[in-house]
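A.B. asks: Take a look at the following structure, please.
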Number of protein chains: 4
Amino acid sequence: MTDPSNHELTSDTLRPLPFDPAKVPGFSEKLLRSHWENNYGGSVKALAAVKKRLTQALGDKDLPPYIYNDLKREHLIRTGSVVLHELYFENLAGSGKAGVRERETIAAAFGSFDAWETEFRRIGAGLGGGSGWVVLGFNLHSRQLENYWMADHATAPANTRPLLVMDMYEHSYQMDFGAAAAKYIDVFFQNIQWEKVAERLEA
Amino acid sequence: MTDPSNHELTSDTLRPLPFDPAKVPGFSEKLLRSHWENNYGGSVKALAAVKKRLTQALGDKDLPPYIYNDLKREHLIRTGSVVLHELYFENLAGSGKAGVRERETIAAAFGSFDAWETEFRRIGAGLGGGSGWVVLGFNLHSRQLENYWMADHATAPANTRPLLVMDMYEHSYQMDFGAAAAKYIDVFFQNIQWEKVAERLEA
Amino acid sequence: MTDPSNHELTSDTLRPLPFDPAKVPGFSEKLLRSHWENNYGGSVKALAAVKKRLTQALGDKDLPPYIYNDLKREHLIRTGSVVLHELYFENLAGSGKAGVRERETIAAAFGSFDAWETEFRRIGAGLGGGSGWVVLGFNLHSRQLENYWMADHATAPANTRPLLVMDMYEHSYQMDFGAAAAKYIDVFFQNIQWEKVAERLEA
Amino acid sequence: MTDPSNHELTSDTLRPLPFDPAKVPGFSEKLLRSHWENNYGGSVKALAAVKKRLTQALGDKDLPPYIYNDLKREHLIRTGSVVLHELYFENLAGSGKAGVRERETIAAAFGSFDAWETEFRRIGAGLGGGSGWVVLGFNLHSRQLENYWMADHATAPANTRPLLVMDMYEHSYQMDFGAAAAKYIDVFFQNIQWEKVAERLEA
């Protein structure tokens with residue numbers, strides 16, 4: 001563990017999009033900018049605000065602990081939203097073509113690369129019309145690669161490093177695709193930044 | 001990432017308790033055995049059963065994806081329960097005395113060791129009478145140490161390695177302490193295995 | 001209680017929209033049709049499918065009860081989605097003008113009609129970018145009118161009759177308003193069918 | 001709707017147990033008193049405290065709406081806890097023998113009384129080791145009797161009147177039965193106050 005005092009998430013500065021939102025085939029620039037500015041950006045600002053309130057609240061000895069936890073729940077949700085959105089934008093705007101090594105690693109864990117993709121897409125399809133995330137994660141406890149269903153920003157597999165994340169909140173697709181979540185999933189797959197997944201696999 | 005094909009969690013074998021449950025001051029052997037066998041053990045068996053059903057379900061092309069996700073949700077909950085329980089039992093049955101290095105690392109992140117302990121205990125108190133976990137975690141994304149509130153086994157901070165976990169499900173204390181969650185938290189703190197926390201800090 | 005055997009929700013027939021979706025000022029016909037057909041209609045069909053599976057599952061004595069409950073959870077979510085969507089469309093496409101009696105009843109419960117509206121809108125604003133419902137409900141247990149925050153279709157106040165419901169899932173507004181949830185809330189208020197709320201107050 | 005201004009739930013006074021907790025076969029007086037005083041009573045007091053904070057918060061125009069909703073969520077959870085606990089204690093401490101009319105009404109809705117009981121018990125068994133409620137409810141929208149799975153106090157079927165409720169939080173049984181949720185369910189069934197269920201059916 002390198003530097004625990006490096007508290008990036010206390011700032012309300014947004015990480016810039018790691019790609020030109022006008023040049024991601026299948027997505028409108030408007031949707032990608034709105035997603036980044038309003039949904040990701042909204043959570044960055046909310047997280048900074050919640051952290052200030054937590055500091056005040058911790059000093060208030062008369063505050064019932066369940067009210068304190070209402071803030072800690074918001075803290076967890078917003079932390080999840082910030083982290084997952086940053087990972088999402090990072091693994092977007094690529095060629096959609098997995099390298100040999102990623103394909104082999106995934107195939108070894110899931111039986112075949114196709115089996116992995118089938119499950120990952122199916123979890124996404126099942127979240128259509130609702131909210132949540134699909135994550136290919138490396139479970140640090142069991143040392144295994146698995147796909148996970150997540151209902152919202154606060155739902156996550158314990159002790160797991162996400163390698164590929166797909167946002168299934170409706171703000172990820174409604175503006176361009178309406179209710180057609182399946183089309184969004186196709187477009188997402190065509191734009192996966194597999195080099196970033198490879199990098200996370202090495203980490 | 002070492003060995004993604006090492007799927008420990010597919011087995012329905014329980015990891016033995018890493019201590020003698022008759023010798024943890026403040027807890028009855030009966031409670032600790034029941035917690036390990038029924039609650040942890042129940043999830044180990046449920047997880048193995050759910051994984052079998054998922055394999056069948058993946059091959060069933062007529063299954064609506066939202067029904068598939070009902071199983072993936074159970075998969076996530078049970079994975080969380082198994083992982084968190086194993087971490088919990090590992091960080092129990094110690095001296096309750098944090099070493100200098102852990103104290104300093106925690107103090108650096110939270111202002112003081114006391115500030116950390118106050119928040120960790122408060123989150124626990126707020127979960128009394130309900131269910132959930134309190135986790136001191138190292139967020140791999142923001143590189144910071146934080147305490148997190150978790151509502152159930154499927155709630156977790158994204159991309160975070162747990163260093164110290166405290167179970168707040170009522171099965172952790174009702175048998176010995178009734179509704180007195182605060183007493184349980186005291187006893188938990190007296191028995192923290194800080195050497196294990198130190199080890200996780202180094203990982 | 002009149003007729004418990006009248007199981008409307010077992011059918012997969014959609015209730016028609018109680019208004020012409022081309023004539024609701026501020027909403028596009030496209031959004032309203034998509035909301036009705038895909039989101040409401042999707043849940044009607046899912047609920048019928050889940051009920052069939054529950055009947056099969058109830059006869060399977062080897063099925064672990066927690067797997068049975070995965071289906072019961074889906075049953076609860078889809079029931080909520082169907083019921084709340086039907087109530088939502090019913091209380092839409094009106095003049096937006098509350099009658100004297102409704103205003104007085106609401107004012108009596110909340111201090112003033114404005115106080116009620118302020119809270120109702122604020123809950124909606126807080127749900128922007130996520131999912132859930134806002135409900136003005138009559139709590140049958142406490143005999144009081146209250147506004148309630150609901151995180152998803154399965155979240156609801158126990159023993160409460162909804163009088164006015166506002167959908168805050170992003171499919172209610174993203175297509176027309178993007179991330180501007182506040183504009184959607186304005187348009188929703190301009191189109192409340194208060195006669196329906198009055199009718200529910202009398203029931 | 002009779003009297004919307006009758007706000008019972010603003011008080012922090014507990015409704016007395018409607019039976020002598022020393023005389024419910026199979027339950028210890030200690031468990032029933034603790035359940036009533038700590039879990040039900042805790043929520044009554046928390047609800048009163050949350051309502052005070054909501055009144056203050058509503059006047060604070062600088063408060064972000066998502067922070068306001070953190071309190072509204074607590075409001076919903078505590079309202080559910082108070083309502084459901086009052087209903088639970090009311091339908092406890094009876095003979096366990098359903099009258100002819102209740103049996104017939106339930107049989108008409110579920111195929112047979114046994115089919116109903118099998119499902120109700122199974123939902124309970126599936127909640128063992130976790131938290132939640134099982135409810136036989138009359139859905140006011142679909143006019144049908146159904147059993148519902150509920151994950152916590154804030155999970156509930158929309159627009160539904162509970163007729164029989166069974167608490168599956170571990171504080172309902174751990175003190176007397178340990179992890180043996182099935183034994184608790186047996187004892188609960190032996191003590192159902194069916195006259196109260198009959199009364200709710202007539203309402």
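Going by the structure tokens order, chains are called A, B, ..., each with residues numbered from 1, while ligands are numbered from 1 in the order shown.
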Quick one: everything within 10 Å of A:Phe110, counting only C-alpha atoms, minus sequence neighbours fewer than 3 positions away in the same chain. Send it as a ChimeraX atom specification.

C.D. replies: /A:104-107,113-117,119,144-147 /B:4-5

A.B. asks: Residues of chain C were defined as contacting chain A if any atom lay at most 6 Å from it, counting only C-alpha atoms; please report them as a count of residues only.

C.D. replies: 3

A.B. asks: Using atom CA of C:Val134 and atom CA of A:Val134 as the two end points, give the distance in Å to one decimal.

C.D. replies: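 So the two atoms, atom CA of C:Val134 and atom CA of A:Val134, lie 26.9 Å apart.
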
A.B. asks: Go through B:Ala125, B:Leu163, B:Val187, B:Ala158 and flag the residue nearest B:Leu140, using only C-alpha atoms for the distances.

C.D. replies: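 Residue with the minimum atom-to-atom distance to B:Leu140: B:Ala158.
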
A.B. asks: Go ahead and compute the interatomic distance for atom CA of D:Ala203 and atom CA of D:Thr160, in Å to one decimal.

C.D. replies: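 For atom CA of D:Ala203 relative to atom CA of D:Thr160, the distance reads 12.8 Å.
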
A.B. asks: Can you tell me, as a PyMOL selection string, what residues are no more than 12 Å from B:Ala22 when counting only C-alpha atoms, ignoring any on the same chain fewer than 5 positions away?

C.D. replies: chain B and resi 17+27-33+93

A.B. asks: Save the residues we just selected, N, CA, C and O atoms, as an mmCIF file, in the first residue's frame?

C.D. replies:
data_model
loop_
_atom_site.group_PDB
_atom_site.id
_atom_site.type_symbol
_atom_site.label_atom_id
_atom_site.label_comp_id
_atom_site.auth_asym_id
_atom_site.auth_seq_id
_atom_site.Cartn_x
_atom_site.Cartn_y
_atom_site.Cartn_z
ATOM 1 N N LEU B 17 -12.390 -22.164 11.671
ATOM 2 C CA LEU B 17 -12.171 -20.965 12.481
ATOM 3 C C LEU B 17 -10.685 -20.851 12.793
ATOM 4 O O LEU B 17 -10.069 -21.843 13.216
ATOM 5 N N PHE B 27 -17.180 -13.458 24.384
ATOM 6 C CA PHE B 27 -18.088 -14.199 23.506
ATOM 7 C C PHE B 27 -18.277 -15.614 24.049
ATOM 8 O O PHE B 27 -17.319 -16.236 24.512
ATOM 9 N N SER B 28 -19.484 -16.137 23.927
ATOM 10 C CA SER B 28 -19.696 -17.544 24.260
ATOM 11 C C SER B 28 -19.234 -18.404 23.086
ATOM 12 O O SER B 28 -19.289 -17.986 21.924
ATOM 13 N N GLU B 29 -18.787 -19.598 23.401
ATOM 14 C CA GLU B 29 -18.423 -20.543 22.347
ATOM 15 C C GLU B 29 -19.640 -20.828 21.468
ATOM 16 O O GLU B 29 -19.528 -20.960 20.247
ATOM 17 N N LYS B 30 -20.795 -20.888 22.107
ATOM 18 C CA LYS B 30 -22.034 -21.216 21.372
ATOM 19 C C LYS B 30 -22.302 -20.200 20.265
ATOM 20 O O LYS B 30 -22.609 -20.556 19.130
ATOM 21 N N LEU B 31 -22.177 -18.916 20.608
ATOM 22 C CA LEU B 31 -22.427 -17.896 19.590
ATOM 23 C C LEU B 31 -21.411 -17.989 18.460
ATOM 24 O O LEU B 31 -21.783 -17.984 17.277
ATOM 25 N N LEU B 32 -20.140 -18.093 18.799
ATOM 26 C CA LEU B 32 -19.118 -18.098 17.749
ATOM 27 C C LEU B 32 -19.260 -19.323 16.841
ATOM 28 O O LEU B 32 -19.123 -19.228 15.625
ATOM 29 N N ARG B 33 -19.565 -20.479 17.451
ATOM 30 C CA ARG B 33 -19.758 -21.686 16.630
ATOM 31 C C ARG B 33 -20.988 -21.542 15.732
ATOM 32 O O ARG B 33 -20.969 -21.938 14.568
ATOM 33 N N ALA B 93 -10.199 -12.475 17.723
ATOM 34 C CA ALA B 93 -9.429 -13.319 18.636
ATOM 35 C C ALA B 93 -7.976 -12.862 18.788
ATOM 36 O O ALA B 93 -7.063 -13.689 18.945
#

A.B. asks: Could you please determine the separation between atom CA of B:Ala57 and atom CA of A:Phe120 in Å, to one decimal place?

C.D. replies: 13.6 Å

A.B. asks: Write out as a PyMOL selection string each polymer residue whose atoms come within 10 Å of C:Asn91, counting only C-alpha atoms; drop sequence neighbours fewer than 6 positions from it.

C.D. replies: chain C and resi 18+85+163-166+188+191-197

A.B. asks: If you run DSSP on the backbone, which residues of stretch 21-123 of chain D are helix (DSSP H, G or I), as a ChimeraX atom specification?

C.D. replies: /D:21-23,29-59,65-90,100-110,113-123
